[in-house]
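Source file my_file_27.cif; content: mmCIF, N, CA and C atoms.
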```
data_coords
#
loop_
_atom_site.label_atom_id
_atom_site.label_comp_id
_atom_site.auth_asym_id
_atom_site.auth_seq_id
_atom_site.Cartn_x
_atom_site.Cartn_y
_atom_site.Cartn_z
N MET M 1 34.27 16.87 81.96
CA MET M 1 33.51 17.80 81.16
C MET M 1 33.67 17.50 79.67
N LYS M 2 34.91 17.17 79.27
CA LYS M 2 35.17 16.87 77.88
C LYS M 2 34.40 15.62 77.44
N THR M 3 34.31 14.64 78.35
CA THR M 3 33.58 13.41 78.05
C THR M 3 32.10 13.69 77.85
N ILE M 4 31.53 14.57 78.63
CA ILE M 4 30.11 14.93 78.49
C ILE M 4 29.86 15.60 77.15
N LYS M 5 30.76 16.48 76.74
CA LYS M 5 30.63 17.14 75.43
C LYS M 5 30.69 16.11 74.30
N GLN M 6 31.64 15.17 74.41
CA GLN M 6 31.77 14.15 73.38
C GLN M 6 30.52 13.27 73.31
N LEU M 7 30.01 12.86 74.45
CA LEU M 7 28.78 12.06 74.49
C LEU M 7 27.60 12.82 73.91
N SER M 8 27.50 14.09 74.27
CA SER M 8 26.42 14.91 73.74
C SER M 8 26.51 15.03 72.23
N MET M 9 27.71 15.24 71.72
CA MET M 9 27.91 15.37 70.29
C MET M 9 27.57 14.06 69.58
N MET M 10 27.95 12.92 70.17
CA MET M 10 27.64 11.62 69.57
C MET M 10 26.13 11.39 69.54
N MET M 11 25.44 11.79 70.58
CA MET M 11 23.99 11.63 70.62
C MET M 11 23.32 12.49 69.55
N VAL M 12 23.78 13.72 69.40
CA VAL M 12 23.22 14.62 68.39
C VAL M 12 23.45 14.03 66.99
N MET M 13 24.64 13.53 66.73
CA MET M 13 24.94 12.93 65.43
C MET M 13 24.07 11.71 65.18
N GLY M 14 23.87 10.88 66.19
CA GLY M 14 23.03 9.69 66.06
C GLY M 14 21.60 10.05 65.70
N VAL M 15 21.07 11.06 66.37
CA VAL M 15 19.70 11.51 66.09
C VAL M 15 19.61 12.05 64.67
N MET M 16 20.61 12.82 64.26
CA MET M 16 20.59 13.40 62.91
C MET M 16 20.64 12.30 61.85
N LEU M 17 21.52 11.32 62.04
CA LEU M 17 21.64 10.23 61.06
C LEU M 17 20.38 9.38 61.01
N SER M 18 19.80 9.08 62.15
CA SER M 18 18.58 8.28 62.14
C SER M 18 17.44 9.07 61.49
N GLY M 19 17.45 10.37 61.65
CA GLY M 19 16.45 11.21 61.01
C GLY M 19 16.57 11.17 59.50
N CYS M 20 17.78 11.11 58.98
CA CYS M 20 17.99 11.01 57.53
C CYS M 20 17.43 9.69 57.01
N ALA M 21 17.70 8.60 57.71
CA ALA M 21 17.20 7.29 57.28
C ALA M 21 15.68 7.27 57.32
N THR M 22 15.09 7.84 58.36
CA THR M 22 13.64 7.87 58.47
C THR M 22 13.05 8.72 57.34
N HIS M 23 13.70 9.82 57.02
CA HIS M 23 13.23 10.69 55.93
C HIS M 23 13.21 9.93 54.61
N TRP M 24 14.30 9.20 54.30
CA TRP M 24 14.36 8.48 53.02
C TRP M 24 13.28 7.40 52.98
N PHE M 25 13.13 6.64 54.08
CA PHE M 25 12.12 5.58 54.12
C PHE M 25 10.74 6.18 53.89
N THR M 26 10.44 7.23 54.61
CA THR M 26 9.13 7.87 54.48
C THR M 26 8.95 8.40 53.06
N THR M 27 9.98 8.97 52.50
CA THR M 27 9.90 9.52 51.16
C THR M 27 9.61 8.44 50.13
N LEU M 28 10.34 7.33 50.16
CA LEU M 28 10.11 6.25 49.20
C LEU M 28 8.72 5.66 49.40
N SER M 29 8.36 5.39 50.62
CA SER M 29 7.04 4.82 50.91
C SER M 29 5.93 5.76 50.47
N LYS M 30 6.06 7.02 50.83
CA LYS M 30 5.03 8.01 50.49
C LYS M 30 4.95 8.23 48.98
N LYS M 31 6.10 8.37 48.34
CA LYS M 31 6.12 8.63 46.91
C LYS M 31 5.57 7.46 46.11
N SER M 32 5.77 6.25 46.58
CA SER M 32 5.26 5.09 45.84
C SER M 32 3.74 5.11 45.73
N HIS M 33 3.08 5.80 46.65
CA HIS M 33 1.62 5.91 46.59
C HIS M 33 1.16 6.81 45.44
N GLU M 34 2.08 7.55 44.86
CA GLU M 34 1.74 8.41 43.72
C GLU M 34 1.75 7.65 42.40
N ILE M 35 2.31 6.44 42.39
CA ILE M 35 2.39 5.65 41.16
C ILE M 35 1.01 5.09 40.83
N GLU M 36 0.62 5.22 39.57
CA GLU M 36 -0.69 4.75 39.12
C GLU M 36 -0.55 3.87 37.89
N LEU M 37 -1.49 2.96 37.71
CA LEU M 37 -1.52 2.13 36.51
C LEU M 37 -1.54 3.00 35.26
N GLY M 38 -0.80 2.59 34.25
CA GLY M 38 -0.79 3.32 32.99
C GLY M 38 0.23 4.43 32.89
N MET M 39 0.91 4.77 34.00
CA MET M 39 1.95 5.81 33.94
C MET M 39 3.09 5.35 33.04
N THR M 40 3.76 6.32 32.43
CA THR M 40 4.92 6.01 31.60
C THR M 40 6.16 5.86 32.49
N LYS M 41 7.21 5.30 31.90
CA LYS M 41 8.47 5.17 32.62
C LYS M 41 8.98 6.54 33.07
N GLN M 42 8.85 7.54 32.22
CA GLN M 42 9.32 8.88 32.56
C GLN M 42 8.54 9.45 33.74
N GLU M 43 7.26 9.21 33.80
CA GLU M 43 6.46 9.69 34.93
C GLU M 43 6.92 9.03 36.23
N VAL M 44 7.25 7.74 36.17
CA VAL M 44 7.75 7.04 37.35
C VAL M 44 9.10 7.62 37.77
N VAL M 45 9.98 7.85 36.80
CA VAL M 45 11.29 8.46 37.10
C VAL M 45 11.10 9.83 37.73
N ASN M 46 10.15 10.60 37.24
CA ASN M 46 9.90 11.93 37.81
C ASN M 46 9.47 11.85 39.27
N ILE M 47 8.81 10.77 39.66
CA ILE M 47 8.34 10.62 41.03
C ILE M 47 9.38 9.96 41.92
N LEU M 48 9.95 8.83 41.48
CA LEU M 48 10.84 8.03 42.32
C LEU M 48 12.32 8.15 41.98
N GLY M 49 12.63 8.74 40.83
CA GLY M 49 14.02 8.80 40.39
C GLY M 49 14.37 7.54 39.61
N THR M 50 15.64 7.41 39.27
CA THR M 50 16.12 6.24 38.53
C THR M 50 16.16 5.03 39.46
N SER M 51 15.70 3.90 38.96
CA SER M 51 15.67 2.69 39.80
C SER M 51 17.07 2.16 40.04
N GLN M 52 17.24 1.51 41.20
CA GLN M 52 18.54 0.91 41.52
C GLN M 52 18.75 -0.39 40.77
N TYR M 53 17.67 -1.12 40.53
CA TYR M 53 17.75 -2.44 39.88
C TYR M 53 16.72 -2.52 38.77
N ARG M 54 17.07 -3.28 37.74
CA ARG M 54 16.19 -3.42 36.59
C ARG M 54 16.33 -4.84 36.05
N SER M 55 15.22 -5.46 35.68
CA SER M 55 15.29 -6.80 35.10
C SER M 55 14.26 -6.94 33.99
N PHE M 56 14.56 -7.86 33.09
CA PHE M 56 13.67 -8.12 31.97
C PHE M 56 13.13 -9.54 32.09
N HIS M 57 11.84 -9.68 31.89
CA HIS M 57 11.18 -10.97 31.90
C HIS M 57 10.56 -11.18 30.52
N GLU M 58 10.01 -12.33 30.29
CA GLU M 58 9.47 -12.64 28.97
C GLU M 58 8.43 -11.61 28.51
N GLN M 59 7.54 -11.23 29.41
CA GLN M 59 6.43 -10.36 29.04
C GLN M 59 6.59 -8.90 29.51
N PHE M 60 7.48 -8.66 30.46
CA PHE M 60 7.52 -7.33 31.07
C PHE M 60 8.93 -6.96 31.53
N GLU M 61 9.08 -5.68 31.84
CA GLU M 61 10.31 -5.13 32.44
C GLU M 61 9.98 -4.74 33.87
N GLN M 62 10.90 -5.00 34.80
CA GLN M 62 10.65 -4.67 36.20
C GLN M 62 11.74 -3.75 36.74
N TRP M 63 11.30 -2.70 37.44
CA TRP M 63 12.22 -1.80 38.13
C TRP M 63 12.05 -2.02 39.63
N GLU M 64 13.17 -1.92 40.35
CA GLU M 64 13.11 -2.10 41.79
C GLU M 64 13.81 -0.94 42.48
N TYR M 65 13.15 -0.42 43.49
CA TYR M 65 13.69 0.65 44.33
C TYR M 65 13.82 0.09 45.74
N ARG M 66 14.90 0.44 46.44
CA ARG M 66 15.13 -0.01 47.81
C ARG M 66 15.64 1.15 48.65
N SER M 67 15.20 1.16 49.89
CA SER M 67 15.80 2.08 50.87
C SER M 67 16.00 1.30 52.16
N THR M 68 17.14 1.53 52.78
CA THR M 68 17.48 0.77 53.98
C THR M 68 16.70 1.27 55.19
N LEU M 69 16.32 0.33 56.02
CA LEU M 69 15.67 0.65 57.29
C LEU M 69 16.67 0.47 58.43
N GLY M 70 17.89 0.16 58.08
CA GLY M 70 18.92 -0.10 59.07
C GLY M 70 19.30 -1.57 59.02
N GLY M 71 20.57 -1.86 59.14
CA GLY M 71 21.02 -3.24 59.07
C GLY M 71 20.72 -3.84 57.71
N ASN M 72 20.10 -5.00 57.72
CA ASN M 72 19.76 -5.69 56.48
C ASN M 72 18.27 -5.62 56.18
N ASP M 73 17.56 -4.66 56.75
CA ASP M 73 16.13 -4.51 56.54
C ASP M 73 15.89 -3.43 55.48
N TRP M 74 14.92 -3.69 54.59
CA TRP M 74 14.70 -2.80 53.44
C TRP M 74 13.24 -2.50 53.21
N ASP M 75 12.99 -1.31 52.71
CA ASP M 75 11.70 -0.94 52.13
C ASP M 75 11.89 -1.14 50.63
N VAL M 76 11.01 -1.93 50.00
CA VAL M 76 11.18 -2.32 48.59
C VAL M 76 9.95 -1.94 47.79
N VAL M 77 10.17 -1.37 46.61
CA VAL M 77 9.09 -1.07 45.67
C VAL M 77 9.49 -1.66 44.32
N ARG M 78 8.62 -2.53 43.76
CA ARG M 78 8.85 -3.12 42.44
C ARG M 78 7.73 -2.68 41.50
N ILE M 79 8.13 -2.22 40.33
CA ILE M 79 7.16 -1.74 39.34
C ILE M 79 7.37 -2.50 38.04
N ASP M 80 6.28 -3.02 37.50
CA ASP M 80 6.32 -3.77 36.24
C ASP M 80 5.76 -2.91 35.11
N PHE M 81 6.45 -2.98 33.96
CA PHE M 81 6.04 -2.22 32.77
C PHE M 81 5.81 -3.17 31.60
N ILE M 82 4.79 -2.90 30.83
CA ILE M 82 4.59 -3.53 29.52
C ILE M 82 4.38 -2.39 28.53
N ASP M 83 5.13 -2.44 27.45
CA ASP M 83 5.07 -1.38 26.42
C ASP M 83 5.30 0.00 27.03
N GLY M 84 6.21 0.08 28.03
CA GLY M 84 6.59 1.36 28.62
C GLY M 84 5.60 1.95 29.59
N ARG M 85 4.59 1.17 30.00
CA ARG M 85 3.57 1.68 30.93
C ARG M 85 3.45 0.77 32.15
N VAL M 86 3.14 1.38 33.30
CA VAL M 86 2.98 0.62 34.55
C VAL M 86 1.78 -0.31 34.44
N VAL M 87 2.03 -1.61 34.72
CA VAL M 87 0.93 -2.58 34.74
C VAL M 87 0.73 -3.17 36.14
N SER M 88 1.74 -3.06 37.01
CA SER M 88 1.58 -3.50 38.40
C SER M 88 2.69 -2.92 39.26
N MET M 89 2.42 -2.89 40.57
CA MET M 89 3.40 -2.40 41.53
C MET M 89 3.24 -3.19 42.82
N ASP M 90 4.36 -3.46 43.47
CA ASP M 90 4.36 -4.14 44.76
C ASP M 90 5.30 -3.37 45.68
N SER M 91 4.83 -3.06 46.87
CA SER M 91 5.71 -2.43 47.85
C SER M 91 5.59 -3.21 49.15
N HIS M 92 6.73 -3.44 49.79
CA HIS M 92 6.75 -4.22 51.02
C HIS M 92 8.07 -3.99 51.76
N ARG M 93 8.14 -4.56 52.96
CA ARG M 93 9.37 -4.53 53.75
C ARG M 93 10.01 -5.89 53.71
N GLU M 94 11.32 -5.90 53.55
CA GLU M 94 12.10 -7.12 53.69
C GLU M 94 12.84 -7.02 55.01
N ILE M 95 12.52 -7.91 55.91
CA ILE M 95 13.13 -7.93 57.23
C ILE M 95 14.03 -9.16 57.33
N TYR M 96 15.29 -8.94 57.64
CA TYR M 96 16.26 -10.01 57.78
C TYR M 96 16.23 -10.52 59.21
N HIS M 97 16.07 -11.82 59.36
CA HIS M 97 16.06 -12.44 60.69
C HIS M 97 17.22 -13.43 60.78
N PRO M 98 18.30 -13.07 61.47
CA PRO M 98 19.46 -13.96 61.55
C PRO M 98 19.12 -15.30 62.19
N CYS M 99 18.15 -15.34 63.09
CA CYS M 99 17.76 -16.60 63.72
C CYS M 99 17.16 -17.56 62.69
N ALA M 100 16.44 -17.04 61.72
CA ALA M 100 15.85 -17.87 60.67
C ALA M 100 16.95 -18.53 59.84
N GLU M 101 18.05 -17.81 59.59
CA GLU M 101 19.18 -18.39 58.85
C GLU M 101 19.78 -19.56 59.63
N LYS M 102 19.92 -19.43 60.93
CA LYS M 102 20.49 -20.49 61.73
C LYS M 102 19.58 -21.70 61.75
N GLN M 103 18.26 -21.49 61.71
CA GLN M 103 17.34 -22.61 61.67
C GLN M 103 17.45 -23.36 60.35
N LYS M 104 17.71 -22.65 59.26
CA LYS M 104 17.88 -23.30 57.96
C LYS M 104 19.17 -24.13 57.94
N ASN M 105 20.20 -23.63 58.63
CA ASN M 105 21.52 -24.29 58.66
C ASN M 105 21.86 -24.69 60.09
N PRO M 106 21.21 -25.70 60.67
CA PRO M 106 21.44 -26.04 62.08
C PRO M 106 22.84 -26.53 62.35
N SER M 107 23.60 -26.92 61.33
CA SER M 107 24.96 -27.42 61.56
C SER M 107 25.94 -26.33 61.93
N GLU M 108 25.56 -25.06 61.71
CA GLU M 108 26.48 -23.94 62.00
C GLU M 108 26.45 -23.56 63.45
#
```
For this file, produce the structure as structure tokens.
Amino acid sequence: MKTIKQLSMMMVMGVMLSGCATHWFTTLSKKSHEIELGMTKQEVVNILGTSQYRSFHEQFEQWEYRSTLGGNDWDVVRIDFIDGRVVSMDSHREIYHPCAEKQKNPSE
């Protein structure tokens, strides 16, 4: 009986945790659709929050947002700014394939 309770509790926790990950993924994906050309940095922060990564290029500044899909898979949103305004955005999934790594390094 104790084992059944423990298994049930583990299943409930697993569902709850996966629900949190799904919520964050959906939130980032859905919120990125609110970003429009010409928005200010502050407007982007109001929608997506502070970016996790930031880089500077010769002509523009880029912000990157990531949310995990589990393991090494990510939902990624990159936003480019010129003079403090959105000039482009890219959103996509990065899927890690361990088999592809082994094909690149066949000696391993």
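Across the chains present, the PyMOL selection byres ((chain M and resi 57-73) around 6.5) applied to this file returns Ala21, Trp24, Phe25, Ser51, Gln52, Tyr53, Arg54, Ser55, Phe56, Trp74, Asp75, Val76, Val77, Arg78, Ile79, Asp80, Phe81, Ile82, Glu94, Ile95 and Tyr96 of chain M.
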Subject >> Atomic distance CA of Leu48 (chain M) - CA of Asp83 (chain M), expressed in Å with one decimal >> reply: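 One can read the CA of Leu48 (chain M) to CA of Asp83 (chain M) distance as 19.4 Å.
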Subject >> Long-range neighbours of Ser32 (chain M) as a PyMOL selection string, 8 Å cut-off, all atoms listed in the file, 2 positions minimum in chain >> reply: chain M and resi 26-30+34-36+47-48+77+91
